[in-house]
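Structure file coords_18.txt with compact mmCIF, C-alpha atoms:
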# COMPACT_ATOMS: atom_id res chain seq x y z
CA MET A 1 115.44 -39.84 -124.18
CA ARG A 2 112.69 -39.52 -126.78
CA LYS A 3 111.89 -36.13 -128.20
CA VAL A 4 108.37 -34.77 -128.44
CA ILE A 5 108.16 -32.93 -131.77
CA ASN A 6 105.26 -30.86 -132.95
CA PHE A 7 105.07 -30.78 -136.74
CA THR A 8 102.77 -28.59 -138.76
CA HIS A 9 102.29 -27.08 -142.18
CA SER A 10 101.68 -23.35 -142.06
CA THR A 11 100.97 -20.58 -144.54
CA LEU A 12 103.21 -17.51 -144.52
CA ASP A 13 100.57 -15.68 -142.51
CA GLY A 14 100.47 -18.41 -139.90
CA PHE A 15 97.36 -20.44 -140.66
CA ILE A 16 97.30 -24.21 -140.45
CA ASP A 17 93.83 -25.36 -141.48
CA ASP A 18 93.12 -27.34 -144.65
CA PRO A 19 96.78 -27.85 -145.69
CA ASN A 20 95.56 -30.25 -148.38
CA GLU A 21 94.14 -27.19 -150.15
CA TRP A 22 97.39 -25.25 -150.32
CA SER A 23 100.47 -27.38 -149.59
CA PHE A 24 100.37 -29.84 -152.49
CA PRO A 25 101.94 -27.57 -155.14
CA TYR A 26 105.00 -27.30 -152.88
CA SER A 27 105.25 -30.94 -151.90
CA ASP A 28 108.12 -32.08 -154.08
CA GLU A 29 110.44 -35.06 -153.61
CA GLU A 30 112.79 -33.03 -151.45
CA LEU A 31 110.07 -32.07 -148.97
CA GLN A 32 108.60 -35.56 -149.06
CA GLY A 33 112.04 -36.94 -148.30
CA TYR A 34 112.36 -34.67 -145.27
CA LEU A 35 108.93 -35.66 -143.98
CA MET A 36 109.67 -39.34 -144.52
CA GLU A 37 112.92 -39.09 -142.58
CA MET A 38 111.26 -37.23 -139.72
CA HIS A 39 108.49 -39.80 -139.48
CA LEU A 40 110.84 -42.79 -139.69
CA ALA A 41 112.73 -41.38 -136.69
CA ALA A 42 109.46 -41.45 -134.75
CA ASP A 43 107.41 -44.43 -133.66
CA ALA A 44 104.55 -42.69 -131.87
CA LEU A 45 101.91 -40.12 -132.74
CA LEU A 46 100.27 -38.05 -130.01
CA LEU A 47 96.79 -36.85 -130.95
CA GLY A 48 93.70 -35.25 -129.53
CA ARG A 49 90.55 -37.34 -129.66
CA ARG A 50 88.89 -35.47 -132.51
CA THR A 51 92.01 -35.51 -134.64
CA PHE A 52 92.34 -39.24 -133.99
CA GLU A 53 88.74 -39.94 -134.93
CA GLY A 54 89.11 -37.91 -138.13
CA MET A 55 92.32 -39.63 -139.15
CA ALA A 56 90.98 -43.07 -138.24
CA GLN A 57 88.39 -42.65 -140.99
CA SER A 58 90.95 -42.50 -143.77
CA TRP A 59 94.40 -43.72 -142.72
CA PRO A 60 93.66 -47.42 -142.09
CA ALA A 61 92.45 -47.74 -145.69
CA MET A 62 95.63 -46.19 -147.06
CA GLY A 63 98.70 -48.27 -147.48
CA GLY A 64 101.13 -49.52 -150.02
CA ASN A 65 103.48 -46.57 -149.75
CA PRO A 66 106.24 -46.35 -147.15
CA PHE A 67 104.93 -43.16 -145.56
CA ALA A 68 101.35 -44.34 -144.99
CA ASP A 69 102.54 -47.78 -143.90
CA HIS A 70 104.79 -46.21 -141.29
CA VAL A 71 102.12 -43.80 -140.00
CA ASN A 72 99.69 -46.70 -139.68
CA ALA A 73 102.27 -48.79 -137.83
CA MET A 74 103.20 -46.05 -135.32
CA THR A 75 101.58 -46.23 -131.89
CA HIS A 76 98.71 -43.72 -131.82
CA HIS A 77 98.42 -42.17 -128.37
CA VAL A 78 95.03 -40.51 -128.11
CA VAL A 79 94.40 -37.95 -125.39
CA ALA A 80 90.74 -38.28 -124.44
CA SER A 81 88.45 -37.65 -121.51
CA GLN A 82 85.75 -39.94 -122.87
CA PRO A 83 85.71 -43.46 -124.32
CA VAL A 84 87.53 -44.00 -127.64
CA ASP A 85 87.11 -46.94 -129.99
CA THR A 86 90.76 -47.88 -130.42
CA SER A 87 89.96 -50.79 -132.75
CA VAL A 88 89.41 -48.44 -135.70
CA TRP A 89 93.11 -47.66 -136.09
CA GLU A 90 95.47 -49.98 -134.26
CA PRO A 91 97.85 -49.83 -132.53
CA THR A 92 96.19 -47.14 -130.40
CA VAL A 93 96.54 -46.37 -126.70
CA VAL A 94 94.29 -43.94 -124.80
CA ILE A 95 95.79 -41.35 -122.46
CA PRO A 96 93.16 -39.97 -120.06
CA GLY A 97 93.19 -36.16 -120.31
CA ALA A 98 93.95 -35.74 -116.61
CA ASP A 99 97.06 -37.93 -116.97
CA LEU A 100 98.51 -36.12 -119.99
CA ILE A 101 101.56 -34.56 -118.36
CA ASP A 102 102.50 -37.61 -116.26
CA GLU A 103 101.99 -39.97 -119.15
CA VAL A 104 104.02 -37.94 -121.66
CA ASP A 105 106.76 -37.59 -119.08
CA ARG A 106 106.75 -41.38 -118.71
CA LEU A 107 106.72 -41.96 -122.49
CA LYS A 108 109.72 -39.67 -122.91
CA GLN A 109 111.73 -41.70 -120.40
CA ALA A 110 110.87 -44.97 -122.15
CA ASP A 111 113.00 -46.42 -124.95
CA GLY A 112 111.81 -45.66 -128.44
CA GLY A 113 111.85 -43.19 -131.29
CA ASP A 114 110.55 -39.64 -131.33
CA ILE A 115 106.96 -38.79 -130.52
CA LEU A 116 105.21 -36.62 -133.12
CA ILE A 117 102.25 -34.30 -132.73
CA TRP A 118 100.60 -33.22 -135.99
CA GLY A 119 99.29 -29.68 -136.07
CA THR A 120 99.38 -27.28 -133.15
CA GLY A 121 96.61 -26.78 -130.64
CA ARG A 122 95.78 -27.01 -126.98
CA LEU A 123 97.65 -30.31 -126.65
CA THR A 124 100.88 -28.68 -127.84
CA ASP A 125 100.34 -25.64 -125.63
CA ALA A 126 99.81 -27.86 -122.57
CA LEU A 127 103.02 -29.81 -123.22
CA ALA A 128 105.05 -26.68 -123.95
CA ALA A 129 103.79 -25.07 -120.72
CA ALA A 130 104.88 -28.19 -118.81
CA GLY A 131 108.34 -28.12 -120.38
CA LEU A 132 107.75 -31.41 -122.19
CA LEU A 133 107.80 -30.14 -125.78
CA ASP A 134 111.24 -30.51 -127.37
CA GLU A 135 110.67 -28.98 -130.79
CA TYR A 136 108.31 -27.14 -133.03
CA ARG A 137 108.96 -28.03 -136.67
CA ILE A 138 107.08 -25.68 -138.92
CA ALA A 139 106.98 -26.08 -142.69
CA THR A 140 106.04 -22.63 -143.96
CA PHE A 141 104.58 -22.43 -147.46
CA PRO A 142 104.80 -19.28 -149.58
CA ILE A 143 101.09 -18.57 -149.48
CA ILE A 144 99.21 -15.74 -147.81
CA LYS A 145 95.88 -17.33 -146.96
CA GLY A 146 94.29 -14.32 -145.28
CA GLU A 147 92.39 -16.07 -142.52
CA GLY A 148 91.94 -19.40 -140.81
CA GLU A 149 93.02 -21.40 -137.78
CA PRO A 150 96.12 -19.83 -136.24
CA LEU A 151 99.45 -21.58 -135.82
CA PHE A 152 99.69 -20.30 -132.24
CA ARG A 153 97.33 -19.04 -129.55
CA ALA A 154 97.63 -16.71 -126.57
CA ALA A 155 98.44 -19.77 -124.45
CA SER A 156 101.44 -20.49 -126.70
CA ALA A 157 103.28 -17.26 -125.80
CA GLY A 158 106.97 -17.74 -125.02
CA THR A 159 110.39 -17.70 -126.62
CA VAL A 160 112.10 -20.33 -128.73
CA ASP A 161 115.59 -21.03 -130.04
CA LEU A 162 116.12 -21.70 -133.72
CA VAL A 163 117.82 -25.10 -134.05
CA ASP A 164 117.51 -25.92 -137.74
CA THR A 165 116.49 -24.38 -141.07
CA GLU A 166 115.92 -26.08 -144.41
CA VAL A 167 115.01 -24.15 -147.53
CA PHE A 168 113.30 -26.19 -150.23
CA ALA A 169 113.46 -25.42 -153.95
CA THR A 170 109.70 -24.88 -154.09
CA GLY A 171 109.93 -21.98 -151.65
CA ALA A 172 108.73 -23.96 -148.66
CA VAL A 173 110.94 -23.41 -145.60
CA LEU A 174 111.31 -25.67 -142.60
CA HIS A 175 112.18 -24.12 -139.26
CA ALA A 176 112.88 -26.15 -136.14
CA TYR A 177 112.59 -24.33 -132.83
CA ARG A 178 113.22 -25.44 -129.27
CA PRO A 179 111.10 -23.80 -126.55
CA THR A 180 113.27 -21.83 -124.12
CA PRO A 181 112.73 -19.97 -120.88
CA PRO A 182 112.06 -16.25 -121.43
CA ARG A 183 115.16 -14.13 -122.06
CA MET B 1 112.88 0.24 -162.50
CA ARG B 2 112.77 0.60 -158.71
CA THR B 3 111.75 -2.25 -156.45
CA ILE B 4 109.04 -1.65 -153.85
CA ILE B 5 109.86 -3.59 -150.71
CA ALA B 6 107.65 -4.00 -147.65
CA PHE B 7 109.93 -4.68 -144.71
CA THR B 8 108.67 -5.71 -141.33
CA HIS B 9 109.68 -7.38 -138.12
CA ALA B 10 107.34 -10.22 -137.14
CA THR B 11 107.10 -12.64 -134.27
CA LEU B 12 106.99 -16.37 -135.00
CA ASP B 13 103.21 -16.20 -134.64
CA GLY B 14 103.01 -13.38 -137.17
CA PHE B 15 102.45 -10.27 -135.05
CA ILE B 16 104.14 -6.99 -135.93
CA ASP B 17 103.12 -4.49 -133.25
CA ASP B 18 105.53 -2.99 -130.69
CA PRO B 19 108.70 -4.60 -132.16
CA HIS B 20 110.89 -2.58 -129.76
CA GLU B 21 109.45 -4.71 -126.95
CA TRP B 22 110.70 -8.01 -128.40
CA TRP B 23 113.25 -7.74 -131.19
CA LEU B 24 116.14 -5.88 -129.52
CA PRO B 25 117.66 -9.05 -127.95
CA TYR B 26 118.07 -10.38 -131.49
CA LEU B 27 119.53 -7.21 -133.01
CA ASP B 28 123.19 -8.13 -133.42
CA ASP B 29 125.84 -6.75 -135.77
CA GLU B 30 124.83 -9.17 -138.51
CA LEU B 31 121.15 -8.17 -138.54
CA ARG B 32 122.04 -4.50 -138.13
CA ALA B 33 124.38 -4.68 -141.14
CA ASP B 34 121.73 -6.44 -143.21
CA GLU B 35 119.14 -3.80 -142.42
CA LEU B 36 121.60 -1.00 -143.12
CA GLU B 37 122.44 -2.49 -146.50
CA MET B 38 118.76 -2.78 -147.40
CA HIS B 39 118.14 0.81 -146.40
CA LEU B 40 121.19 2.15 -148.22
CA ALA B 41 119.85 0.54 -151.42
CA ALA B 42 116.68 2.56 -151.00
CA ASP B 43 116.18 6.30 -151.17
CA ALA B 44 112.47 6.55 -150.50
CA LEU B 45 110.10 5.55 -147.70
CA LEU B 46 106.40 5.11 -148.42
CA LEU B 47 104.26 5.64 -145.34
CA GLY B 48 100.69 6.08 -144.23
CA ARG B 49 99.87 9.39 -142.56
CA VAL B 50 99.51 8.03 -139.03
CA THR B 51 102.84 6.21 -139.29
CA PHE B 52 104.48 9.33 -140.69
CA GLU B 53 103.20 11.55 -137.91
CA GLY B 54 104.38 9.09 -135.28
CA MET B 55 107.83 8.76 -136.79
CA ALA B 56 108.16 12.51 -137.35
CA LYS B 57 108.06 12.98 -133.58
CA ALA B 58 111.17 10.89 -133.00
CA TRP B 59 113.34 10.55 -136.08
CA PRO B 60 114.33 14.17 -136.84
CA ALA B 61 115.85 14.47 -133.34
CA MET B 62 117.98 11.36 -133.85
CA ASP B 63 121.23 11.34 -135.77
CA GLY B 64 124.87 10.47 -135.55
CA ASP B 65 124.69 6.95 -136.86
CA PRO B 66 124.67 5.93 -140.52
CA PHE B 67 121.31 4.18 -140.33
CA VAL B 68 119.44 7.08 -138.75
CA ASP B 69 121.13 9.67 -140.95
CA HIS B 70 120.14 7.72 -144.05
CA VAL B 71 116.52 7.26 -142.97
CA ASN B 72 116.26 10.98 -142.26
CA ALA B 73 117.73 11.82 -145.68
CA MET B 74 115.42 9.51 -147.64
CA THR B 75 112.41 11.08 -149.32
CA HIS B 76 109.36 10.38 -147.15
CA HIS B 77 106.30 9.82 -149.33
CA VAL B 78 103.21 10.15 -147.13
CA VAL B 79 99.90 8.79 -148.35
CA ALA B 80 97.23 11.05 -146.88
CA SER B 81 93.71 12.20 -147.59
CA GLN B 82 94.00 15.24 -145.33
CA PRO B 83 96.61 17.98 -144.89
CA VAL B 84 100.02 16.94 -143.56
CA ASP B 85 102.67 19.21 -142.06
CA THR B 86 105.63 18.11 -144.16
CA SER B 87 108.00 20.55 -142.43
CA VAL B 88 108.33 18.30 -139.37
CA TRP B 89 110.46 15.73 -141.21
CA GLU B 90 111.92 16.86 -144.49
CA PRO B 91 112.28 15.87 -147.26
CA THR B 92 108.62 14.81 -147.34
CA VAL B 93 106.17 14.64 -150.26
CA VAL B 94 102.44 14.04 -149.87
CA ILE B 95 100.64 11.52 -152.09
CA PRO B 96 96.86 12.10 -152.03
CA GLY B 97 95.18 8.81 -151.12
CA ALA B 98 93.17 8.73 -154.35
CA ASP B 99 96.39 8.99 -156.39
CA LEU B 100 98.25 6.19 -154.59
CA ILE B 101 98.39 3.64 -157.38
CA ASP B 102 99.13 6.12 -160.18
CA GLU B 103 101.76 7.83 -158.12
CA VAL B 104 103.47 4.60 -157.04
CA ARG B 105 103.53 3.46 -160.67
CA ARG B 106 105.17 6.75 -161.62
CA LEU B 107 107.71 6.52 -158.78
CA GLU B 108 108.50 2.97 -159.78
CA GLN B 109 109.48 4.02 -163.31
CA ALA B 110 111.90 6.65 -162.09
CA ASP B 111 115.59 5.85 -162.12
CA ASP B 112 116.38 5.78 -158.42
CA GLY B 113 116.88 3.45 -155.49
CA ASP B 114 114.40 1.07 -153.94
CA ILE B 115 111.23 2.26 -152.21
CA LEU B 116 110.69 0.84 -148.75
CA ILE B 117 107.45 0.42 -146.82
CA TRP B 118 107.93 -0.20 -143.10
CA GLY B 119 105.48 -2.65 -141.61
CA THR B 120 102.58 -4.16 -143.47
CA GLY B 121 99.05 -2.86 -143.57
CA ARG B 122 96.38 -1.53 -145.89
CA LEU B 123 98.95 0.42 -147.89
CA THR B 124 100.93 -2.74 -148.66
CA ASP B 125 97.79 -4.70 -149.50
CA ALA B 126 96.64 -1.96 -151.89
CA VAL B 127 99.97 -1.85 -153.71
CA VAL B 128 100.25 -5.66 -153.95
CA HIS B 129 96.71 -5.96 -155.24
CA VAL B 130 97.61 -3.95 -158.34
CA TYR B 131 100.17 -6.53 -159.35
CA ARG B 132 98.13 -9.55 -158.36
CA PRO B 133 94.54 -8.66 -159.14
CA THR B 134 93.41 -12.29 -159.14
CA SER B 135 93.93 -15.13 -156.72
CA PRO B 136 97.33 -16.85 -156.79
CA ALA B 137 97.58 -19.93 -158.95
What is this file in structure tokens?
Amino acid sequence: MRKVINFTHSTLDGFIDDPNEWSFPYSDEELQGYLMEMHLAADALLLGRRTFEGMAQSWPAMGGNPFADHVNAMTHHVVASQPVDTSVWEPTVVIPGADLIDEVDRLKQADGGDILIWGTGRLTDALAAAGLLDEYRIATFPIIKGEGEPLFRAASAGTVDLVDTEVFATGAVLHAYRPTPPR
Amino acid sequence: MRTIIAFTHATLDGFIDDPHEWWLPYLDDELRADELEMHLAADALLLGRVTFEGMAKAWPAMDGDPFVDHVNAMTHHVVASQPVDTSVWEPTVVIPGADLIDEVRRLEQADDGDILIWGTGRLTDAVVHVYRPTSPA
């Protein structure tokens, strides 16, 4: 069965916005190798509509490195309650918002690699609440940003089990957690 | 030179309030030993007044285990801008708020154990800011 994995970069104080402004100094070959491996084990991205439309403006033009080529080749599943132009970043499949839980349940039963969600938000909260989220993978960078968009929300509340830890030489730390029922 | 260490319990989403409501299921022998070791390496606590007054209601009445006995025996440095009854949890020394930085610098030079701050807040931010007056690189 495929795993649904939520991956995000986070500052030490738990903010996830604008990672391009703070994660680069810590993105060494070791971290890049981890990210590459995680993405190669996945063949689908699950995205909200706005995230998809933002990414579709830049990703199709990138290529020529194994990471970008793989991300472009993954199936992009866009959760949307309004029409989406899928031609801007193929292959893309639309999941109507009302069908999210049923459709992710179906995708998990299908053959294939892992399904990644980039960044955390309402999509992740909805899947975790439905018991469909298999892992949070959080790369925490040794920066205290002070303010921003939070890693979790009130709707995220729950307990998790630690399943993996990787400490990188730059000071970045990767934690993998599996959502669990409350203790 | 002594090390000033801010120690706190935090949830995965970075909240630190009411730890007794959520961290006890994770407090095993390993974590307990780690925290004891950290505290034994320190001989001073640096606290805000409100924290001090809250702790002074509970800690002096507790004893009989090495962790509690050590915390009670540490010197409690209370940062306060108004009078504090130090007799409720001795040994306690008051640091006037305006003298915080000078006094912490002086304490740091002394030849003793580490200085612990429990929890993070304005006190921690003020002390860190002295060492990192500009934005991180």
So which one's closest to chain B, A:Glu37, A:Glu29, A:Glu166, A:Asp13? Using all atoms listed in the file, please. A:Asp13
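The closest residue to A:Leu132, picked from A:Arg2, A:Arg50, A:Lys145, A:Arg153 and counting only C-alpha atoms, is A:Arg2.
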Find the residues of chain B that sit at most 9 Å from chain A; for each, write down the nearest two atoms and how far apart they are in Å, to one decimal. Count all atoms listed in the file. Sort by chain, then by number going up, and give it as JSON lines.
{"residue": "B:Leu12", "atom": "CA", "partner": "A:Gly14", "partner_atom": "CA", "distance": 8.4}
{"residue": "B:Asp13", "atom": "CA", "partner": "A:Phe152", "partner_atom": "CA", "distance": 5.9}
{"residue": "B:Gly14", "atom": "CA", "partner": "A:Gly14", "partner_atom": "CA", "distance": 6.3}
{"residue": "B:Pro25", "atom": "CA", "partner": "A:Arg183", "partner_atom": "CA", "distance": 8.2}
{"residue": "B:Pro136", "atom": "CA", "partner": "A:Ile143", "partner_atom": "CA", "distance": 8.4}
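We find atom CA of B:Glu103 and atom CA of B:Lys57 to be spaced 25.9 Å apart.
Between atom CA of A:Ala73 and atom CA of A:Asp125 the separation is 26.2 Å.
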Determine, counting all atoms listed in the file, which protein, DNA and RNA residues have an atom within 8 Å of an atom of B:Ile95; residues of the same chain fewer than 4 positions away are not included. Present the result as a PyMOL selection string. chain B and resi 77-80+99-100+103
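Closest approach to B:Ile101 from the set B:Val71, B:Asp114, B:Met55, B:Asp125 is made by B:Asp125, with distances taken over only C-alpha atoms.
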How many Å separate atom CA of A:Gly48 from atom CA of A:Val79? 5.0 Å
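Remark: residues at most 12 Å from position (113.4, -32.7, -150.1) in file coordinates are A:Tyr26, A:Ser27, A:Asp28, A:Glu29, A:Glu30, A:Leu31, A:Gln32, A:Gly33, A:Tyr34, A:Leu35, A:Met36, A:Glu37, A:Met38, A:Ala139, A:Glu166, A:Val167, A:Phe168, A:Ala169, A:Thr170, A:Gly171, A:Ala172, A:Val173, A:Leu174, using all atoms listed in the file.
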Between A:Asp17, A:Asp114, A:Asp105, A:Asp43, single out the one closest to A:Thr75, counting only C-alpha atoms. A:Asp43
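Residues within 12 Å of A:Asp102, counting only C-alpha atoms and excluding same-chain residues fewer than 5 positions away, are Ile95, Pro96, Gly97, Leu107, Lys108, Gln109, Ala126, Leu127, Ala130, Gly131 and Leu132 of chain A.
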Residues near B:Arg49, anyone? I mean within 12 Å using all atoms listed in the file, not counting same-chain ones fewer than 6 positions away, as a PyMOL selection string. chain B and resi 55-56+76-86+92-97+122-123
List as a list in words the protein and nucleic acid residues near B:Ala58, meaning an atom at most 12 Å away when only C-alpha atoms are counted, but skip any in the same chain fewer than 5 places from it. Thr51, Phe52, Glu53, Asp63, Val68, Val71, Asn72, Val88 and Trp89 of chain B
A:Pro19 environment, 8 Å, only C-alpha atoms, sequence neighbours closer than 3 positions dropped, as a CSV table (one decimal) with C-alpha atoms, in the frame of the given file:
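What landed in out08.csv:
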chain,number,residue,atom,x,y,z
A,9,HIS,CA,102.3,-27.1,-142.2
A,10,SER,CA,101.7,-23.4,-142.1
A,16,ILE,CA,97.3,-24.2,-140.4
A,22,TRP,CA,97.4,-25.2,-150.3
A,23,SER,CA,100.5,-27.4,-149.6
A,24,PHE,CA,100.4,-29.8,-152.5
